[in-house]
Amino acid sequence: MRVALVSLHYAEYSSRLAMALSRHHDVMLILDSTNARYELSSALRDAIIEGGLVRWFPRQRRLNAPIELVKLVWTLRSFRPDVIHVQEIYKCIPTWANDVLRYSIPLVLTAHDPLPHSGLLDRRAAAAITCRTRLRDHADRLIVHGDRLRNEWQEREPSLGPRLASVPHGVLGSIVPDALSEPSTFLFFGRIESYKGLGYFLAAGELLVERGLWPRLIVAGTGSDLERHRAQIGEMPWVELVDRRFDADEIPDLFARSSAIVLPYTDATQSGVAAMAFGFGRPVISTRVGGLPDVICDGYNGLLVPPNDAEALAEAMSRLMVSDELRKSLTAGASAYGSTELSWDRIARQTSAVYESAIIAHRRSTACARGNAFSWR
């Protein structure tokens, strides 16, 4: 099978998927060079280049969008794929390319966030939302990360039916030694938006200090919700703030220091940070929201707590602080889960099955359209 992977975001996710797929298929990976600069480690970048998988595209700009569109269409036509797999983003280039191709090639779309997170919808241009909707409407198959997300989407839109498929989010990063972790250290990582629940993470830390437990909280990342908490963080000597974006080669050290990764999200679909935690072999303390309970197994690879509850979050964090046995057990579970259930070979097999289903569905819909046209005549 010839697979064209179009990914102008999610560079690490798509690169790891492309490498796993390439063991059994002919794969062309199209990446945004700017996104890849931040997301790809040196080793991963070298691997996809040496494997001859990648085609680089510049970051989309309004003035050069027509040039990029022509280049993308030409690249796809030259490769002659059996299926096009697009990672959904709020950019119109992939939609326009398929418009030019008249959706003549089976299309699979991965919707990493089927619904926008709270606080983000107002930042999306109407044109970009229209493009996203058009691509979803034309996709032969839609992939979401988890059965809960698939079921919720199907409840909202029953007509989607068999077009929806559930494939887990594969692991990101690679195992780091547990011996490197610093005692009672908890990491809050990534883009800092309101739905990420930073306030609950800080409140849980305060509760632990009040009880005589002294955690080390690392807040690593940047985003619109950080300013609201910056003054509070400045008054907390047990909080380490690293306010910037990280290159991929810097991230392993952060995760290596941490006893656990904390996701106090108020709402969510899935989480690349959770996938990264399991890739680095670190357990996750998370709220029960969105598709997170599909991958975080309470007591095995992490702990689950109710959302919007700093008290419950502090209790879960304290359990790891006072029980080295529990921390080691959850760490082992996280490593095992990442190397089995979320392994890229397994994800590639499931994704290949979705491709085959999309190709069959596309043939049937094309034959049906031709039959209707003949009947009309």
# chains A, B, ... in the order shown; residues from 1 in each chain; ligands from 1

call {"tool": "residues_around", "arguments": {"residues": "segment 29-31 of chain A", "least_positions_apart": "3", "cutoff": "9 Å", "atoms": "only C-alpha atoms", "output": "mmCIF file with N, CA and C atoms, in the first residue's frame"}}
result
data_model
loop_
_atom_site.group_PDB
_atom_site.id
_atom_site.type_symbol
_atom_site.label_atom_id
_atom_site.label_comp_id
_atom_site.auth_asym_id
_atom_site.auth_seq_id
_atom_site.Cartn_x
_atom_site.Cartn_y
_atom_site.Cartn_z
ATOM 1 N N VAL A 3 1.119 5.026 1.046
ATOM 2 C CA VAL A 3 0.464 5.895 2.028
ATOM 3 C C VAL A 3 1.129 7.264 2.023
ATOM 4 N N ALA A 4 0.329 8.312 1.816
ATOM 5 C CA ALA A 4 0.812 9.687 1.936
ATOM 6 C C ALA A 4 0.325 10.256 3.257
ATOM 7 N N LEU A 5 1.259 10.554 4.149
ATOM 8 C CA LEU A 5 0.935 11.130 5.455
ATOM 9 C C LEU A 5 1.169 12.636 5.399
ATOM 10 N N VAL A 6 0.099 13.415 5.492
ATOM 11 C CA VAL A 6 0.205 14.873 5.444
ATOM 12 C C VAL A 6 0.055 15.401 6.863
ATOM 13 N N SER A 7 1.126 15.958 7.409
ATOM 14 C CA SER A 7 1.127 16.369 8.807
ATOM 15 C C SER A 7 1.852 17.707 8.946
ATOM 16 N N LEU A 8 1.089 18.801 8.905
ATOM 17 C CA LEU A 8 1.678 20.127 9.069
ATOM 18 C C LEU A 8 1.721 20.546 10.539
ATOM 19 N N HIS A 9 1.448 19.626 11.423
ATOM 20 C CA HIS A 9 1.619 19.737 12.873
ATOM 21 C C HIS A 9 1.782 18.300 13.368
ATOM 22 N N TYR A 10 1.987 18.111 14.676
ATOM 23 C CA TYR A 10 2.136 16.754 15.232
ATOM 24 C C TYR A 10 3.297 16.008 14.558
ATOM 25 N N ALA A 11 4.431 16.670 14.432
ATOM 26 C CA ALA A 11 5.553 16.093 13.686
ATOM 27 C C ALA A 11 6.079 14.804 14.312
ATOM 28 N N SER A 14 3.514 11.876 13.836
ATOM 29 C CA SER A 14 3.450 11.409 12.459
ATOM 30 C C SER A 14 4.731 10.719 12.022
ATOM 31 N N SER A 15 5.864 11.185 12.517
ATOM 32 C CA SER A 15 7.137 10.565 12.157
ATOM 33 C C SER A 15 7.235 9.150 12.716
ATOM 34 N N ALA A 18 4.879 7.010 10.720
ATOM 35 C CA ALA A 18 5.422 6.749 9.388
ATOM 36 C C ALA A 18 6.509 5.666 9.431
ATOM 37 N N THR A 34 9.053 23.982 10.276
ATOM 38 C CA THR A 34 9.147 24.733 11.529
ATOM 39 C C THR A 34 8.637 23.907 12.699
ATOM 40 N N ASN A 35 7.494 23.262 12.539
ATOM 41 C CA ASN A 35 6.963 22.396 13.583
ATOM 42 C C ASN A 35 7.945 21.264 13.895
ATOM 43 N N ALA A 36 8.534 20.710 12.851
ATOM 44 C CA ALA A 36 9.468 19.601 13.035
ATOM 45 C C ALA A 36 10.711 20.035 13.808
ATOM 46 N N ILE A 48 14.139 9.580 9.987
ATOM 47 C CA ILE A 48 13.184 9.729 8.878
ATOM 48 C C ILE A 48 13.883 10.225 7.607
ATOM 49 N N LEU A 53 11.855 9.016 4.009
ATOM 50 C CA LEU A 53 10.408 9.119 4.193
ATOM 51 C C LEU A 53 9.857 10.522 4.010
ATOM 52 N N VAL A 54 10.653 11.544 4.285
ATOM 53 C CA VAL A 54 10.095 12.874 4.544
ATOM 54 C C VAL A 54 10.233 13.825 3.361
ATOM 55 N N ARG A 55 9.191 14.657 3.189
ATOM 56 C CA ARG A 55 9.215 15.813 2.291
ATOM 57 C C ARG A 55 8.925 17.032 3.159
ATOM 58 N N TRP A 56 9.754 18.069 3.063
ATOM 59 C CA TRP A 56 9.627 19.236 3.930
ATOM 60 C C TRP A 56 8.783 20.320 3.269
ATOM 61 N N PHE A 57 7.912 20.925 4.072
ATOM 62 C CA PHE A 57 7.135 22.066 3.611
ATOM 63 C C PHE A 57 7.352 23.226 4.573
ATOM 64 N N PRO A 58 7.424 24.461 4.059
ATOM 65 C CA PRO A 58 7.598 25.623 4.940
ATOM 66 C C PRO A 58 6.315 25.923 5.692
ATOM 67 N N LEU A 72 2.069 20.975 -2.830
ATOM 68 C CA LEU A 72 1.487 19.823 -2.148
ATOM 69 C C LEU A 72 0.725 18.932 -3.136
#

call {"tool": "residues_around", "arguments": {"residues": "segment 280-287 of chain A", "least_positions_apart": "2", "cutoff": "6 Å", "atoms": "only C-alpha atoms", "output": "PyMOL selection string"}}
result
chain A and resi 173-176+260-264+277-278+289+301-307+330-331+334-335

call {"tool": "residues_around", "arguments": {"residues": "Gly51 of chain A", "least_positions_apart": "4", "cutoff": "12 Å", "atoms": "only C-alpha atoms", "output": "PyMOL selection string"}}
result
chain A and resi 15-16+18-23+26-29+44-47+55

call {"tool": "write_last_selection", "arguments": {"atoms": "N, CA, C and O atoms", "output": "tab-separated table (two decimals), in the first residue's frame"}}
result
chain	number	residue	atom	x	y	z
A	15	SER	N	5.86	11.19	12.52
A	15	SER	CA	7.14	10.57	12.16
A	15	SER	C	7.24	9.15	12.72
A	15	SER	O	7.69	8.22	12.02
A	16	ARG	N	6.82	8.98	13.94
A	16	ARG	CA	6.87	7.64	14.54
A	16	ARG	C	5.87	6.71	13.86
A	16	ARG	O	6.16	5.52	13.65
A	18	ALA	N	4.88	7.01	10.72
A	18	ALA	CA	5.42	6.75	9.39
A	18	ALA	C	6.51	5.67	9.43
A	18	ALA	O	6.56	4.78	8.56
A	19	MET	N	7.37	5.73	10.43
A	19	MET	CA	8.44	4.73	10.53
A	19	MET	C	7.87	3.34	10.75
A	19	MET	O	8.34	2.36	10.16
A	20	ALA	N	6.84	3.24	11.60
A	20	ALA	CA	6.23	1.93	11.86
A	20	ALA	C	5.49	1.42	10.62
A	20	ALA	O	5.58	0.24	10.27
A	21	LEU	N	4.77	2.30	9.94
A	21	LEU	CA	4.06	1.90	8.72
A	21	LEU	C	5.02	1.48	7.62
A	21	LEU	O	4.71	0.58	6.82
A	22	SER	N	6.18	2.13	7.55
A	22	SER	CA	7.12	1.88	6.45
A	22	SER	C	7.71	0.47	6.49
A	22	SER	O	8.31	0.04	5.50
A	23	ARG	N	7.53	-0.25	7.58
A	23	ARG	CA	8.01	-1.64	7.64
A	23	ARG	C	7.20	-2.54	6.72
A	23	ARG	O	7.66	-3.63	6.34
A	26	ASP	N	4.73	1.43	1.52
A	26	ASP	CA	5.52	2.51	0.93
A	26	ASP	C	4.94	3.83	1.43
A	26	ASP	O	3.80	4.17	1.12
A	27	VAL	N	5.71	4.60	2.20
A	27	VAL	CA	5.20	5.76	2.91
A	27	VAL	C	5.93	7.03	2.49
A	27	VAL	O	7.16	7.05	2.38
A	28	MET	N	5.15	8.08	2.27
A	28	MET	CA	5.71	9.43	2.08
A	28	MET	C	5.15	10.31	3.19
A	28	MET	O	3.93	10.42	3.37
A	29	LEU	N	6.03	10.95	3.94
A	29	LEU	CA	5.65	11.79	5.07
A	29	LEU	C	5.89	13.26	4.72
A	29	LEU	O	7.01	13.64	4.34
A	44	LEU	N	15.45	11.22	15.88
A	44	LEU	CA	14.25	10.93	15.10
A	44	LEU	C	14.31	11.62	13.74
A	44	LEU	O	13.94	11.04	12.71
A	45	ARG	N	14.79	12.86	13.72
A	45	ARG	CA	14.93	13.57	12.45
A	45	ARG	C	15.88	12.80	11.52
A	45	ARG	O	15.60	12.61	10.33
A	46	ASP	N	17.02	12.35	12.06
A	46	ASP	CA	17.98	11.60	11.25
A	46	ASP	C	17.36	10.32	10.71
A	46	ASP	O	17.61	9.93	9.56
A	47	ALA	N	16.53	9.67	11.54
A	47	ALA	CA	15.94	8.39	11.14
A	47	ALA	C	14.99	8.55	9.96
A	47	ALA	O	15.01	7.74	9.02
A	55	ARG	N	9.19	14.66	3.19
A	55	ARG	CA	9.22	15.81	2.29
A	55	ARG	C	8.92	17.03	3.16
A	55	ARG	O	7.95	17.04	3.92

call {"tool": "atom_distance", "arguments": {"atom1": "atom CA of Tyr195 of chain A", "atom2": "atom CA of Arg230 of chain A"}}
result
16.7 Å

call {"tool": "closest_residue", "arguments": {"among": "A:Gly290, A:Lys91, A:Arg102, A:Leu109", "to": "Trp153 of chain A", "atoms": "only C-alpha atoms"}}
result
A:Gly290

call {"tool": "closest_residue", "arguments": {"among": "A:Leu101, A:Asp247, A:Arg132, A:Ser271", "to": "Val70 of chain A", "atoms": "only C-alpha atoms"}}
result
A:Leu101

call {"tool": "atom_distance", "arguments": {"atom1": "atom CA of Arg211 of chain A", "atom2": "atom CA of Pro237 of chain A"}}
result
15.9 Å

call {"tool": "residues_around", "arguments": {"residues": "Gly146 of chain A", "least_positions_apart": "3", "cutoff": "7 Å", "atoms": "only C-alpha atoms", "output": "compact mmCIF listing (two decimals) with N, CA, C and O atoms, in the first residue's frame"}}
result
# COMPACT_ATOMS: atom_id res chain seq x y z
N LEU A 149 -14.09 8.86 23.01
CA LEU A 149 -14.23 9.95 22.05
C LEU A 149 -15.06 9.51 20.85
O LEU A 149 -15.91 10.25 20.36
N ARG A 150 -14.80 8.30 20.37
CA ARG A 150 -15.58 7.79 19.24
C ARG A 150 -17.05 7.69 19.60
O ARG A 150 -17.92 8.12 18.82
N SER A 166 -11.49 4.15 16.18
CA SER A 166 -10.72 4.46 17.38
C SER A 166 -9.35 3.81 17.29
O SER A 166 -9.24 2.59 17.16
N VAL A 167 -8.31 4.64 17.33
CA VAL A 167 -6.92 4.16 17.35
C VAL A 167 -6.20 4.94 18.45
O VAL A 167 -6.21 6.17 18.43
N PRO A 168 -5.56 4.27 19.40
CA PRO A 168 -4.88 5.00 20.49
C PRO A 168 -3.77 5.90 19.97
O PRO A 168 -3.25 5.72 18.87
N GLY A 291 -10.92 11.40 26.78
CA GLY A 291 -10.42 10.06 26.53
C GLY A 291 -9.28 9.64 27.43
O GLY A 291 -8.71 8.56 27.23
N ASP A 294 -9.19 6.20 28.99
CA ASP A 294 -8.95 5.09 28.07
C ASP A 294 -7.52 4.61 28.14
O ASP A 294 -7.23 3.44 27.81

call {"tool": "decode", "arguments": {"residues": "segment 340-363 of chain A", "atoms": "N, CA, C and O atoms", "output": "PDB file, in the first residue's frame"}}
result
ATOM      1  N   THR A 340       3.695  -1.776  25.048  1.00  0.00           N
ATOM      2  CA  THR A 340       2.761  -2.798  24.553  1.00  0.00           C
ATOM      3  C   THR A 340       1.530  -2.143  23.915  1.00  0.00           C
ATOM      4  O   THR A 340       1.430  -2.040  22.708  1.00  0.00           O
ATOM      5  N   GLU A 341       0.608  -1.682  24.732  1.00  0.00           N
ATOM      6  CA  GLU A 341      -0.655  -1.155  24.228  1.00  0.00           C
ATOM      7  C   GLU A 341      -0.482   0.068  23.335  1.00  0.00           C
ATOM      8  O   GLU A 341      -1.255   0.271  22.395  1.00  0.00           O
ATOM      9  N   LEU A 342       0.513   0.894  23.642  1.00  0.00           N
ATOM     10  CA  LEU A 342       0.721   2.119  22.865  1.00  0.00           C
ATOM     11  C   LEU A 342       1.956   2.046  21.976  1.00  0.00           C
ATOM     12  O   LEU A 342       2.441   3.075  21.495  1.00  0.00           O
ATOM     13  N   SER A 343       2.442   0.840  21.710  1.00  0.00           N
ATOM     14  CA  SER A 343       3.619   0.715  20.851  1.00  0.00           C
ATOM     15  C   SER A 343       3.245   1.081  19.418  1.00  0.00           C
ATOM     16  O   SER A 343       2.122   0.873  18.960  1.00  0.00           O
ATOM     17  N   TRP A 344       4.209   1.622  18.683  1.00  0.00           N
ATOM     18  CA  TRP A 344       3.927   2.090  17.328  1.00  0.00           C
ATOM     19  C   TRP A 344       3.680   0.950  16.354  1.00  0.00           C
ATOM     20  O   TRP A 344       2.933   1.118  15.379  1.00  0.00           O
ATOM     21  N   ASP A 345       4.249  -0.218  16.576  1.00  0.00           N
ATOM     22  CA  ASP A 345       3.934  -1.358  15.719  1.00  0.00           C
ATOM     23  C   ASP A 345       2.451  -1.714  15.838  1.00  0.00           C
ATOM     24  O   ASP A 345       1.785  -2.007  14.836  1.00  0.00           O
ATOM     25  N   ARG A 346       1.948  -1.671  17.059  1.00  0.00           N
ATOM     26  CA  ARG A 346       0.528  -1.963  17.279  1.00  0.00           C
ATOM     27  C   ARG A 346      -0.345  -0.866  16.668  1.00  0.00           C
ATOM     28  O   ARG A 346      -1.352  -1.149  16.020  1.00  0.00           O
ATOM     29  N   ILE A 347       0.046   0.392  16.865  1.00  0.00           N
ATOM     30  CA  ILE A 347      -0.714   1.508  16.300  1.00  0.00           C
ATOM     31  C   ILE A 347      -0.713   1.428  14.776  1.00  0.00           C
ATOM     32  O   ILE A 347      -1.741   1.679  14.121  1.00  0.00           O
ATOM     33  N   ALA A 348       0.411   1.063  14.189  1.00  0.00           N
ATOM     34  CA  ALA A 348       0.509   0.967  12.729  1.00  0.00           C
ATOM     35  C   ALA A 348      -0.409  -0.122  12.184  1.00  0.00           C
ATOM     36  O   ALA A 348      -1.044   0.060  11.130  1.00  0.00           O
ATOM     37  N   ARG A 349      -0.497  -1.259  12.873  1.00  0.00           N
ATOM     38  CA  ARG A 349      -1.404  -2.326  12.422  1.00  0.00           C
ATOM     39  C   ARG A 349      -2.855  -1.857  12.446  1.00  0.00           C
ATOM     40  O   ARG A 349      -3.619  -2.095  11.498  1.00  0.00           O
ATOM     41  N   GLN A 350      -3.233  -1.185  13.521  1.00  0.00           N
ATOM     42  CA  GLN A 350      -4.609  -0.695  13.619  1.00  0.00           C
ATOM     43  C   GLN A 350      -4.887   0.378  12.558  1.00  0.00           C
ATOM     44  O   GLN A 350      -5.967   0.414  11.966  1.00  0.00           O
ATOM     45  N   THR A 351      -3.898   1.251  12.329  1.00  0.00           N
ATOM     46  CA  THR A 351      -4.080   2.307  11.330  1.00  0.00           C
ATOM     47  C   THR A 351      -4.163   1.718   9.929  1.00  0.00           C
ATOM     48  O   THR A 351      -4.960   2.175   9.096  1.00  0.00           O
ATOM     49  N   SER A 352      -3.370   0.688   9.647  1.00  0.00           N
ATOM     50  CA  SER A 352      -3.427   0.030   8.341  1.00  0.00           C
ATOM     51  C   SER A 352      -4.807  -0.556   8.085  1.00  0.00           C
ATOM     52  O   SER A 352      -5.311  -0.506   6.949  1.00  0.00           O
ATOM     53  N   ALA A 353      -5.420  -1.108   9.125  1.00  0.00           N
ATOM     54  CA  ALA A 353      -6.776  -1.659   8.975  1.00  0.00           C
ATOM     55  C   ALA A 353      -7.776  -0.555   8.630  1.00  0.00           C
ATOM     56  O   ALA A 353      -8.708  -0.768   7.838  1.00  0.00           O
ATOM     57  N   VAL A 354      -7.577   0.632   9.206  1.00  0.00           N
ATOM     58  CA  VAL A 354      -8.446   1.769   8.877  1.00  0.00           C
ATOM     59  C   VAL A 354      -8.246   2.178   7.413  1.00  0.00           C
ATOM     60  O   VAL A 354      -9.207   2.479   6.701  1.00  0.00           O
ATOM     61  N   TYR A 355      -6.994   2.161   6.945  1.00  0.00           N
ATOM     62  CA  TYR A 355      -6.718   2.483   5.540  1.00  0.00           C
ATOM     63  C   TYR A 355      -7.467   1.522   4.609  1.00  0.00           C
ATOM     64  O   TYR A 355      -8.090   1.939   3.623  1.00  0.00           O
ATOM     65  N   GLU A 356      -7.375   0.236   4.906  1.00  0.00           N
ATOM     66  CA  GLU A 356      -8.042  -0.762   4.051  1.00  0.00           C
ATOM     67  C   GLU A 356      -9.544  -0.541   4.024  1.00  0.00           C
ATOM     68  O   GLU A 356     -10.191  -0.637   2.970  1.00  0.00           O
ATOM     69  N   SER A 357     -10.104  -0.225   5.192  1.00  0.00           N
ATOM     70  CA  SER A 357     -11.534   0.061   5.274  1.00  0.00           C
ATOM     71  C   SER A 357     -11.896   1.301   4.471  1.00  0.00           C
ATOM     72  O   SER A 357     -12.931   1.345   3.778  1.00  0.00           O
ATOM     73  N   ALA A 358     -11.040   2.335   4.531  1.00  0.00           N
ATOM     74  CA  ALA A 358     -11.292   3.575   3.791  1.00  0.00           C
ATOM     75  C   ALA A 358     -11.251   3.336   2.282  1.00  0.00           C
ATOM     76  O   ALA A 358     -12.066   3.889   1.525  1.00  0.00           O
ATOM     77  N   ILE A 359     -10.307   2.516   1.833  1.00  0.00           N
ATOM     78  CA  ILE A 359     -10.185   2.224   0.401  1.00  0.00           C
ATOM     79  C   ILE A 359     -11.429   1.501  -0.101  1.00  0.00           C
ATOM     80  O   ILE A 359     -11.982   1.828  -1.167  1.00  0.00           O
ATOM     81  N   ILE A 360     -11.901   0.530   0.659  1.00  0.00           N
ATOM     82  CA  ILE A 360     -13.115  -0.200   0.274  1.00  0.00           C
ATOM     83  C   ILE A 360     -14.323   0.735   0.246  1.00  0.00           C
ATOM     84  O   ILE A 360     -15.123   0.724  -0.697  1.00  0.00           O
ATOM     85  N   ALA A 361     -14.450   1.566   1.287  1.00  0.00           N
ATOM     86  CA  ALA A 361     -15.582   2.502   1.352  1.00  0.00           C
ATOM     87  C   ALA A 361     -15.542   3.498   0.196  1.00  0.00           C
ATOM     88  O   ALA A 361     -16.588   3.841  -0.378  1.00  0.00           O
ATOM     89  N   HIS A 362     -14.341   3.942  -0.159  1.00  0.00           N
ATOM     90  CA  HIS A 362     -14.206   4.902  -1.254  1.00  0.00           C
ATOM     91  C   HIS A 362     -14.626   4.266  -2.579  1.00  0.00           C
ATOM     92  O   HIS A 362     -15.315   4.916  -3.394  1.00  0.00           O
ATOM     93  N   ARG A 363     -14.224   3.039  -2.794  1.00  0.00           N
ATOM     94  CA  ARG A 363     -14.619   2.349  -4.022  1.00  0.00           C
ATOM     95  C   ARG A 363     -16.137   2.208  -4.105  1.00  0.00           C
ATOM     96  O   ARG A 363     -16.740   2.402  -5.169  1.00  0.00           O
TER      97      ARG A 363
END
